[in-house]
$ cat final.txt   # compact mmCIF, C-alpha atoms
# COMPACT_ATOMS: atom_id res chain seq x y z
CA MET D 1 -29.92 -34.50 30.72
CA SER D 2 -31.61 -36.07 27.71
CA ASN D 3 -35.17 -37.25 28.08
CA ILE D 4 -35.28 -40.33 25.87
CA LEU D 5 -31.78 -41.56 24.96
CA PHE D 6 -30.88 -42.74 28.46
CA SER D 7 -34.33 -43.92 29.48
CA PRO D 8 -35.42 -47.59 29.32
CA ALA D 9 -36.59 -48.88 25.94
CA THR D 10 -38.64 -51.79 24.63
CA LEU D 11 -37.71 -53.87 21.60
CA GLY D 12 -40.27 -56.57 20.98
CA SER D 13 -40.48 -58.41 24.29
CA LEU D 14 -37.04 -57.19 25.39
CA LYS D 15 -36.60 -54.50 28.00
CA LEU D 16 -33.47 -52.44 27.27
CA LYS D 17 -31.74 -50.20 29.84
CA ASN D 18 -31.53 -47.33 27.33
CA HIS D 19 -32.06 -46.40 23.67
CA ILE D 20 -28.37 -46.84 22.76
CA VAL D 21 -27.21 -49.68 20.52
CA MET D 22 -23.61 -50.80 20.16
CA ALA D 23 -23.29 -51.23 16.40
CA PRO D 24 -21.69 -54.36 14.91
CA MET D 25 -17.98 -53.87 14.25
CA THR D 26 -15.49 -56.36 12.84
CA ARG D 27 -12.63 -56.85 15.30
CA ASN D 28 -10.94 -60.09 14.06
CA ARG D 29 -10.16 -61.63 17.47
CA ALA D 30 -11.70 -65.10 17.04
CA SER D 31 -9.32 -68.09 17.06
CA ASP D 32 -10.13 -70.51 14.22
CA SER D 33 -13.56 -68.83 14.05
CA VAL D 34 -14.35 -69.76 17.68
CA PRO D 35 -15.22 -66.99 20.18
CA ASN D 36 -13.01 -66.85 23.24
CA GLU D 37 -12.58 -65.36 26.72
CA LEU D 38 -11.03 -62.20 25.29
CA MET D 39 -14.13 -61.56 23.22
CA ALA D 40 -16.35 -62.23 26.24
CA GLU D 41 -14.47 -59.57 28.19
CA TYR D 42 -14.70 -57.07 25.32
CA TYR D 43 -18.47 -57.34 25.11
CA ARG D 44 -18.90 -57.48 28.90
CA GLN D 45 -17.08 -54.16 29.21
CA ARG D 46 -19.58 -52.54 26.83
CA ALA D 47 -22.78 -53.98 28.30
CA GLY D 48 -23.88 -50.49 29.33
CA ALA D 49 -25.50 -50.28 25.89
CA GLY D 50 -29.19 -51.03 25.78
CA LEU D 51 -28.47 -53.55 23.04
CA ILE D 52 -25.18 -54.94 21.76
CA ILE D 53 -25.01 -56.26 18.20
CA THR D 54 -21.94 -58.44 17.71
CA GLU D 55 -19.41 -58.30 14.93
CA GLY D 56 -20.32 -60.09 11.72
CA THR D 57 -20.48 -63.83 12.37
CA SER D 58 -20.63 -66.37 9.59
CA PRO D 59 -23.53 -68.84 9.43
CA SER D 60 -21.48 -71.05 7.11
CA PRO D 61 -17.91 -72.24 6.55
CA ASN D 62 -18.28 -70.69 3.09
CA GLY D 63 -18.87 -67.28 4.67
CA LEU D 64 -15.60 -67.07 6.62
CA GLY D 65 -13.93 -64.91 4.00
CA TYR D 66 -12.01 -62.67 6.38
CA VAL D 67 -9.24 -63.69 8.75
CA ARG D 68 -10.18 -64.36 12.39
CA ILE D 69 -13.89 -63.62 12.11
CA PRO D 70 -16.20 -65.77 14.22
CA GLY D 71 -18.63 -68.39 13.04
CA LEU D 72 -21.86 -69.83 14.38
CA PHE D 73 -22.46 -73.18 12.71
CA SER D 74 -21.07 -75.74 15.19
CA GLN D 75 -21.41 -76.77 18.81
CA GLU D 76 -17.91 -75.45 19.42
CA HIS D 77 -19.12 -72.04 18.27
CA VAL D 78 -22.15 -72.31 20.56
CA LYS D 79 -19.89 -72.99 23.55
CA GLY D 80 -17.65 -70.05 22.64
CA TRP D 81 -20.53 -67.64 22.17
CA ARG D 82 -22.12 -68.81 25.43
CA LYS D 83 -19.14 -67.24 27.24
CA VAL D 84 -20.01 -63.94 25.56
CA THR D 85 -23.74 -64.00 26.19
CA ASP D 86 -23.29 -65.08 29.81
CA ALA D 87 -20.83 -62.22 30.37
CA VAL D 88 -23.19 -59.62 28.86
CA HIS D 89 -26.26 -60.94 30.67
CA ALA D 90 -24.35 -60.88 33.97
CA GLU D 91 -24.11 -57.10 33.44
CA ASP D 92 -27.85 -56.88 32.71
CA GLY D 93 -27.17 -56.33 29.02
CA LYS D 94 -28.92 -57.63 25.91
CA ILE D 95 -27.11 -58.98 22.86
CA PHE D 96 -27.96 -59.97 19.27
CA VAL D 97 -25.52 -61.78 17.00
CA GLN D 98 -25.06 -60.39 13.52
CA LEU D 99 -25.11 -63.16 10.91
CA MET D 100 -22.78 -62.18 8.06
CA HIS D 101 -21.95 -64.41 5.11
CA THR D 102 -19.09 -62.74 3.24
CA GLY D 103 -20.04 -64.20 -0.15
CA ARG D 104 -17.61 -62.92 -2.78
CA VAL D 105 -15.70 -60.75 -0.26
CA SER D 106 -13.43 -63.68 0.48
CA GLN D 107 -10.02 -65.27 0.17
CA LEU D 108 -9.70 -69.05 0.31
CA LYS D 109 -6.52 -68.72 2.40
CA ASN D 110 -8.73 -67.39 5.21
CA MET D 111 -11.26 -70.22 4.88
CA PRO D 112 -11.42 -73.84 6.06
CA ALA D 113 -10.45 -76.63 3.69
CA GLY D 114 -13.18 -77.70 1.29
CA THR D 115 -15.04 -74.38 1.30
CA ARG D 116 -16.20 -72.40 -1.74
CA VAL D 117 -16.44 -68.70 -2.52
CA LEU D 118 -20.05 -68.22 -3.56
CA ALA D 119 -21.93 -65.21 -4.91
CA PRO D 120 -25.13 -64.45 -6.84
CA SER D 121 -23.07 -64.06 -10.04
CA ALA D 122 -19.48 -64.94 -10.94
CA ILE D 123 -18.32 -61.32 -10.65
CA GLY D 124 -15.06 -61.02 -8.76
CA MET D 125 -13.89 -58.30 -6.42
CA LYS D 126 -11.06 -55.98 -7.39
CA GLY D 127 -8.22 -55.26 -5.00
CA GLU D 128 -6.72 -57.32 -2.22
CA ILE D 129 -7.72 -58.77 1.14
CA HIS D 130 -5.57 -59.49 4.21
CA THR D 131 -4.56 -63.03 5.11
CA ASP D 132 -2.48 -64.06 8.12
CA VAL D 133 -0.64 -66.72 6.12
CA ALA D 134 0.39 -64.65 3.08
CA GLN D 135 -0.41 -61.01 3.95
CA MET D 136 -2.32 -59.15 1.21
CA GLN D 137 -3.76 -61.37 -1.53
CA PRO D 138 -6.23 -60.84 -4.39
CA HIS D 139 -9.82 -61.76 -3.61
CA SER D 140 -10.66 -65.30 -4.66
CA GLU D 141 -12.90 -65.58 -7.70
CA PRO D 142 -16.49 -66.48 -6.78
CA GLU D 143 -18.74 -69.16 -8.25
CA ALA D 144 -22.24 -68.21 -9.30
CA MET D 145 -24.62 -69.92 -6.89
CA SER D 146 -26.83 -72.68 -8.22
CA GLU D 147 -30.42 -73.04 -7.05
CA ALA D 148 -29.22 -75.72 -4.64
CA ASP D 149 -26.49 -73.41 -3.35
CA ILE D 150 -29.06 -70.67 -2.70
CA GLN D 151 -31.43 -72.97 -0.85
CA ASN D 152 -28.53 -74.35 1.18
CA ALA D 153 -27.36 -70.84 2.11
CA ILE D 154 -30.84 -69.86 3.26
CA GLN D 155 -30.97 -72.98 5.43
CA GLU D 156 -27.54 -72.13 6.86
CA TYR D 157 -28.92 -68.81 8.12
CA VAL D 158 -31.83 -70.70 9.70
CA ASN D 159 -29.59 -73.27 11.35
CA SER D 160 -27.23 -70.57 12.62
CA ALA D 161 -30.13 -68.58 14.08
CA LYS D 162 -31.26 -71.64 16.00
CA LEU D 163 -27.74 -72.13 17.33
CA ALA D 164 -27.71 -68.46 18.34
CA ILE D 165 -30.66 -69.07 20.63
CA ASP D 166 -28.90 -72.17 22.02
CA ALA D 167 -25.87 -69.94 22.69
CA GLY D 168 -27.98 -67.55 24.76
CA PHE D 169 -28.39 -64.68 22.32
CA ASP D 170 -31.47 -62.51 22.67
CA GLY D 171 -31.84 -62.45 18.91
CA VAL D 172 -30.06 -62.19 15.55
CA GLU D 173 -29.39 -59.42 13.08
CA LEU D 174 -29.22 -60.43 9.42
CA HIS D 175 -26.41 -58.52 7.74
CA GLY D 176 -28.04 -57.28 4.56
CA ALA D 177 -25.61 -54.37 4.16
CA ASN D 178 -22.06 -53.37 3.17
CA GLY D 179 -21.69 -55.65 0.18
CA TYR D 180 -21.93 -59.04 1.91
CA LEU D 181 -24.03 -61.93 0.61
CA ILE D 182 -27.56 -60.61 1.18
CA ASP D 183 -26.55 -57.20 -0.16
CA GLN D 184 -24.81 -58.90 -3.08
CA PHE D 185 -28.21 -60.22 -4.12
CA ILE D 186 -29.86 -56.78 -3.74
CA ASN D 187 -27.33 -54.83 -5.80
CA PRO D 188 -26.99 -55.22 -9.59
CA ALA D 189 -23.23 -54.65 -9.33
CA SER D 190 -22.97 -58.20 -8.00
CA ASN D 191 -26.27 -59.77 -9.10
CA GLN D 192 -26.71 -60.14 -12.85
CA ARG D 193 -28.92 -63.20 -12.67
CA THR D 194 -31.99 -63.52 -14.89
CA ASP D 195 -33.84 -66.19 -12.89
CA ALA D 196 -36.13 -65.89 -9.85
CA TRP D 197 -33.27 -64.34 -7.84
CA GLY D 198 -32.39 -61.46 -10.17
CA GLY D 199 -33.13 -59.48 -13.29
CA THR D 200 -35.41 -56.89 -11.67
CA PRO D 201 -35.15 -54.90 -8.43
CA SER D 202 -38.00 -56.96 -6.94
CA LYS D 203 -36.38 -60.29 -7.78
CA ARG D 204 -33.06 -59.12 -6.39
CA LEU D 205 -34.83 -58.63 -3.04
CA GLU D 206 -36.07 -62.22 -2.95
CA PHE D 207 -33.04 -63.70 -1.19
CA ALA D 208 -33.20 -61.11 1.62
CA VAL D 209 -36.93 -61.65 2.08
CA GLN D 210 -36.70 -65.44 2.12
CA VAL D 211 -33.82 -65.46 4.61
CA ALA D 212 -35.76 -63.12 6.91
CA GLN D 213 -38.97 -65.08 6.50
CA LYS D 214 -37.44 -68.46 7.27
CA VAL D 215 -35.24 -67.26 10.15
CA ALA D 216 -38.25 -65.52 11.71
CA ALA D 217 -40.30 -68.70 11.39
CA ALA D 218 -37.52 -70.69 13.05
CA ILE D 219 -36.78 -68.53 16.12
CA GLY D 220 -39.63 -66.02 16.33
CA SER D 221 -39.93 -62.76 14.43
CA ALA D 222 -39.42 -60.61 17.54
CA LYS D 223 -35.89 -62.03 17.78
CA VAL D 224 -34.88 -61.02 14.23
CA GLY D 225 -33.62 -57.72 12.84
CA ILE D 226 -31.95 -56.83 9.55
CA ARG D 227 -29.30 -54.27 8.65
CA VAL D 228 -29.37 -52.53 5.26
CA SER D 229 -27.17 -49.95 3.53
CA PRO D 230 -28.97 -48.01 0.80
CA TYR D 231 -26.49 -45.91 -1.18
CA GLY D 232 -23.64 -47.92 0.36
CA VAL D 233 -20.56 -48.34 -1.83
CA PHE D 234 -18.47 -50.55 0.47
CA ASN D 235 -17.20 -53.75 -1.21
CA GLU D 236 -17.90 -52.33 -4.66
CA MET D 237 -21.63 -51.89 -4.31
CA GLN D 238 -23.02 -49.33 -6.76
CA HIS D 239 -25.81 -46.82 -7.03
CA PHE D 240 -28.73 -47.97 -9.19
CA PRO D 241 -31.68 -45.87 -10.40
CA GLU D 242 -34.41 -47.74 -8.49
CA ILE D 243 -32.53 -47.74 -5.19
CA GLU D 244 -35.08 -45.85 -3.07
CA ALA D 245 -38.03 -47.73 -4.54
CA ALA D 246 -36.21 -51.03 -3.93
CA TYR D 247 -35.59 -50.31 -0.25
CA ALA D 248 -39.15 -49.05 0.19
CA GLU D 249 -40.35 -52.35 -1.31
CA LEU D 250 -37.99 -54.35 0.89
CA ALA D 251 -39.39 -52.62 3.99
CA GLN D 252 -42.93 -53.24 2.75
CA ARG D 253 -42.26 -56.94 2.18
CA LEU D 254 -40.53 -57.36 5.54
CA SER D 255 -43.19 -55.54 7.54
CA PRO D 256 -45.76 -58.39 7.60
CA LEU D 257 -43.07 -60.66 9.05
CA LYS D 258 -43.15 -58.56 12.26
CA LEU D 259 -39.37 -58.38 12.55
CA ALA D 260 -37.95 -56.57 15.57
CA TYR D 261 -36.23 -53.87 13.55
CA ILE D 262 -34.55 -52.55 10.44
CA HIS D 263 -31.10 -51.06 11.10
CA ILE D 264 -29.93 -48.51 8.51
CA VAL D 265 -26.21 -48.06 7.85
CA ASP D 266 -25.11 -44.48 7.16
CA HIS D 267 -21.34 -44.14 6.75
CA SER D 268 -21.47 -40.61 5.31
CA ALA D 269 -19.75 -39.32 8.47
CA MET D 270 -16.73 -41.39 7.38
CA GLY D 271 -16.77 -40.12 3.80
CA ALA D 272 -19.23 -42.52 2.15
CA PRO D 273 -22.10 -41.21 -0.01
CA GLU D 274 -24.86 -39.52 1.94
CA VAL D 275 -27.89 -41.61 2.83
CA GLY D 276 -30.57 -38.99 2.34
CA ALA D 277 -33.55 -38.47 4.60
CA SER D 278 -35.91 -39.55 1.83
CA VAL D 279 -34.83 -43.20 1.73
CA LYS D 280 -34.91 -43.40 5.54
CA GLN D 281 -38.41 -41.93 5.51
CA LYS D 282 -39.56 -44.42 2.87
CA ILE D 283 -38.24 -47.36 4.89
CA ARG D 284 -39.92 -46.00 8.02
CA ALA D 285 -43.23 -45.42 6.24
CA ASN D 286 -43.30 -48.97 4.88
CA PHE D 287 -42.13 -50.87 7.97
CA GLU D 288 -44.19 -51.26 11.14
CA GLY D 289 -41.35 -52.43 13.38
CA ALA D 290 -38.63 -50.44 15.10
CA LEU D 291 -36.01 -48.47 13.22
CA ILE D 292 -32.37 -48.20 14.31
CA LEU D 293 -30.38 -45.31 12.85
CA SER D 294 -26.59 -45.10 12.88
CA GLY D 295 -23.84 -42.88 11.57
CA GLY D 296 -21.74 -40.25 13.31
CA TYR D 297 -24.15 -39.58 16.16
CA ASP D 298 -23.47 -37.62 19.31
CA ALA D 299 -25.87 -37.53 22.26
CA ALA D 300 -27.62 -34.32 21.17
CA ARG D 301 -28.34 -35.48 17.63
CA ALA D 302 -29.42 -38.91 18.87
CA GLU D 303 -31.84 -37.30 21.31
CA GLN D 304 -33.24 -35.05 18.60
CA ASP D 305 -33.94 -37.95 16.23
CA LEU D 306 -35.61 -39.90 19.04
CA GLN D 307 -37.70 -36.88 20.03
CA GLU D 308 -38.75 -36.37 16.41
CA LYS D 309 -39.65 -40.08 16.13
CA ARG D 310 -37.26 -40.77 13.26
CA ALA D 311 -36.15 -43.93 15.04
CA GLU D 312 -36.70 -46.03 18.16
CA LEU D 313 -33.01 -46.70 18.84
CA ILE D 314 -29.71 -45.05 17.90
CA ALA D 315 -26.53 -47.04 17.20
CA PHE D 316 -23.02 -45.89 18.04
CA GLY D 317 -20.01 -47.65 16.52
CA ARG D 318 -16.38 -46.56 16.78
CA PRO D 319 -16.85 -44.53 20.00
CA PHE D 320 -17.59 -47.85 21.75
CA ILE D 321 -14.18 -49.23 20.72
CA SER D 322 -12.16 -46.79 22.82
CA ASN D 323 -14.83 -45.93 25.39
CA PRO D 324 -16.16 -49.09 27.07
CA ASP D 325 -18.14 -46.77 29.39
CA LEU D 326 -19.54 -44.78 26.45
CA VAL D 327 -23.07 -44.57 27.83
CA GLU D 328 -21.86 -43.07 31.11
CA LYS D 329 -19.68 -40.57 29.26
CA LEU D 330 -22.47 -39.49 26.92
CA LYS D 331 -24.84 -39.07 29.84
CA ALA D 332 -22.36 -36.98 31.81
CA GLY D 333 -21.17 -35.00 28.77
CA ARG D 334 -17.57 -36.10 29.33
CA PRO D 335 -15.04 -36.07 26.45
CA LEU D 336 -14.50 -39.30 24.56
CA ARG D 337 -11.19 -41.10 24.13
CA ASP D 338 -10.00 -41.47 20.52
CA PRO D 339 -9.42 -45.00 19.21
CA ASP D 340 -6.15 -46.42 17.95
CA PHE D 341 -6.93 -47.26 14.33
CA THR D 342 -3.83 -49.45 14.01
CA THR D 343 -5.30 -52.04 16.41
CA PHE D 344 -8.83 -52.32 15.00
CA TYR D 345 -8.18 -55.71 13.38
CA THR D 346 -5.03 -57.04 15.07
CA PRO D 347 -4.92 -60.13 17.30
CA GLY D 348 -4.79 -59.82 21.07
CA ALA D 349 -5.92 -57.51 23.86
CA LYS D 350 -4.11 -54.36 22.73
CA GLY D 351 -6.62 -51.86 21.39
CA TYR D 352 -9.42 -54.26 22.28
CA THR D 353 -9.94 -54.86 26.01
CA ASP D 354 -7.24 -52.52 27.37
CA TYR D 355 -9.06 -49.19 26.94
CA PRO D 356 -9.69 -47.88 30.46
CA ARG D 357 -12.96 -46.54 31.78
CA GLY D 358 -13.13 -42.88 32.65
$ encode --input "final.txt" --output "C-alpha cells"
Amino acid sequence: MSNILFSPATLGSLKLKNHIVMAPMTRNRASDSVPNELMAEYYRQRAGAGLIITEGTSPSPNGLGYVRIPGLFSQEHVKGWRKVTDAVHAEDGKIFVQLMHTGRVSQLKNMPAGTRVLAPSAIGMKGEIHTDVAQMQPHSEPEAMSEADIQNAIQEYVNSAKLAIDAGFDGVELHGANGYLIDQFINPASNQRTDAWGGTPSKRLEFAVQVAQKVAAAIGSAKVGIRVSPYGVFNEMQHFPEIEAAYAELAQRLSPLKLAYIHIVDHSAMGAPEVGASVKQKIRANFEGALILSGGYDAARAEQDLQEKRAELIAFGRPFISNPDLVEKLKAGRPLRDPDFTTFYTPGAKGYTDYPRG
C-alpha cells in the first residue's frame, strides 16, 4: 500500500481525505448554464477524491462559448451549484469550482442574447465548434478587448468567486490553461497587444496576475488556485521562445499572493507536446504554495512524485469518468473500467452517472 497518496492531506486550511485530486473535465450537462441534480449526483459519486475541481464554469455570459457548460454569475447559478456542493460535502468531500472564460473559443449560437466574443486581440480561431442548434459551426470572430472590457472581465472573475463561496464551494481554481481567456493573454498566438497587457512576456502575464490578485483579495488567498499549461497547444496556443522564463516569472509573481496552489496541465500522455521536468521545476522553485501535477498518472507514479516532493497533490482526469470509485480501485490495485468516449459531451445520464462502482 502506498504511504502518501492515500493518506490525509492539507491544502491551506482544508483537510483532505487523501492526496488525490479529481481534475476539471468538461462534461456539457448543464441546462441553460444552470447546474442540476444530475450534475450533483455525478460529483457526489466521485467524492472519494481528496479534492474535486469542477468542470470549467464561466464567470460571465460572454464566457459561455461552448454548448451546455455551466455558469456562475447569477443567483440561479448559486442555487444550482449549492446542490452540487451539498452533495459532495455530505460525502465528506471538498470541492473547488474552476472559473473558465472561453474568450475567443466561442460560438455566438451557444451564448445568451446580447453577449460578445472577446479576446486580447482580434485573432480568430480556425476550425469549427459544436452547437446544439446548428451542429458544427465556425468559431465566431472575436473583438479585441478594450481597457474597459479588460477591467470588467477581471471584476467578473471577482464577482463569480464571491458567488462560489455563497454556493458552498471550498475555493476556486482560475483556469489559466488550455487556450481560454487567461491563457489567451499569456500566449503571443492570441495576444498581439502593445499596451500594458501585451507586447512582452511580462506584460502578457499581467491579466493572469491581476485576476489572481483581486480574486484572492475578495475571498481569501487560501481559497484560490490557478491552472496553467506551459507548452500546451490546445485551442491553437503556440510555443514561444521565452516560455519557461515566462512561467517561472508567473510563479514568482503569484507566490507573494499566498495562493493555495498552482495546477500544471500535462497532456503529453494524450499526444500533446511534452511538458518537460525543467519548467515544472522552475514553477516549483518560484512558488511557495502547493503544486498539483496531472497527466497520465497511475498510483505508482503518483506515489513516486509525492515521495520525491515534486508535488503536494496529484490529479487524475479521465479515469474518474468511468470509475466513480477510482480512489478505492487505485488503493486496492483493481483494474480500471475504460470510458465511453462517445458520451463525454452528450446530454443526459448515459456515460455520466451510470458507470457502476466495482
$ residues_around --input "final.txt" --residues "range 66-78 of chain D" --least-positions-apart "4" --cutoff "7 Å" --atoms "all atoms listed in the file" --output "number ranges by chain"
D: 28-35, 57-60, 82, 106, 110, 131-132, 160, 163, 166-167
$ atom_distance --input "final.txt" --atom1 "CA of Gly225 in chain D" --atom2 "CA of Ala260 in chain D"
5.2 Å
$ residues_around --input "final.txt" --residues "range 330-343 of chain D" --least-positions-apart "6" --cutoff "10 Å" --atoms "all atoms listed in the file" --output "PyMOL selection string"
chain D and resi 1-2+5-6+27+298-300+318-324+349-352+355-358
$ closest_residue --input "final.txt" --among "D:Leu174, D:Ile219, D:Ile123, D:Val88" --to "Asn191 in chain D" --atoms "all atoms listed in the file"
D:Ile123
$ atom_distance --input "final.txt" --atom1 "CA of Gln210 in chain D" --atom2 "CA of Thr115 in chain D"
23.4 Å
$ atom_distance --input "final.txt" --atom1 "CA of Glu55 in chain D" --atom2 "CA of Met145 in chain D"
25.3 Å
$ residues_near_point --input "final.txt" --point "(-29.1, -58.0, 22.9)" --cutoff "6 Å" --atoms "only C-alpha atoms" --output "number ranges by chain"
D: 51-52, 94-96, 170
$ closest_residue --input "final.txt" --among "D:Gly198, D:Gly171, D:Gly176, D:Pro188" --to "His239 in chain D" --atoms "all atoms listed in the file"
D:Pro188
$ closest_residue --input "final.txt" --among "D:Tyr157, D:Phe185, D:Phe234, D:Phe169" --to "Ala144 in chain D" --atoms "only C-alpha atoms"
D:Phe185
$ closest_residue --input "final.txt" --among "D:Lys109, D:His101, D:Gln184, D:Arg193" --to "Ile154 in chain D" --atoms "only C-alpha atoms"
D:His101
$ axis_aligned_box --input "final.txt" --around "range 180-192 of chain D" --padding-each-side "4 Å" --output "JSON"
{"center_x": -25.9, "center_y": -58.3, "center_z": -5.5, "size_x": 15.9, "size_y": 15.3, "size_z": 22.8}
$ closest_residue --input "final.txt" --among "D:Leu38, D:Met25, D:Leu118, D:Asp86" --to "Pro347 in chain D" --atoms "all atoms listed in the file"
D:Leu38
$ residues_around --input "final.txt" --residues "Pro201 in chain D" --least-positions-apart "2" --cutoff "10 Å" --atoms "all atoms listed in the file" --output "list of chain:residue names"
D:Phe185, D:Ile186, D:Asn187, D:Pro188, D:Trp197, D:Gly198, D:Gly199, D:Lys203, D:Arg204, D:Leu205, D:Glu206, D:Phe240, D:Pro241, D:Glu242, D:Ile243, D:Ala245, D:Ala246, D:Tyr247, D:Glu249, D:Leu250
$ residues_around --input "final.txt" --residues "range 311-317 of chain D" --least-positions-apart "6" --cutoff "7 Å" --atoms "all atoms listed in the file" --output "PyMOL selection string"
chain D and resi 19-23+25+290-294+297+302+305
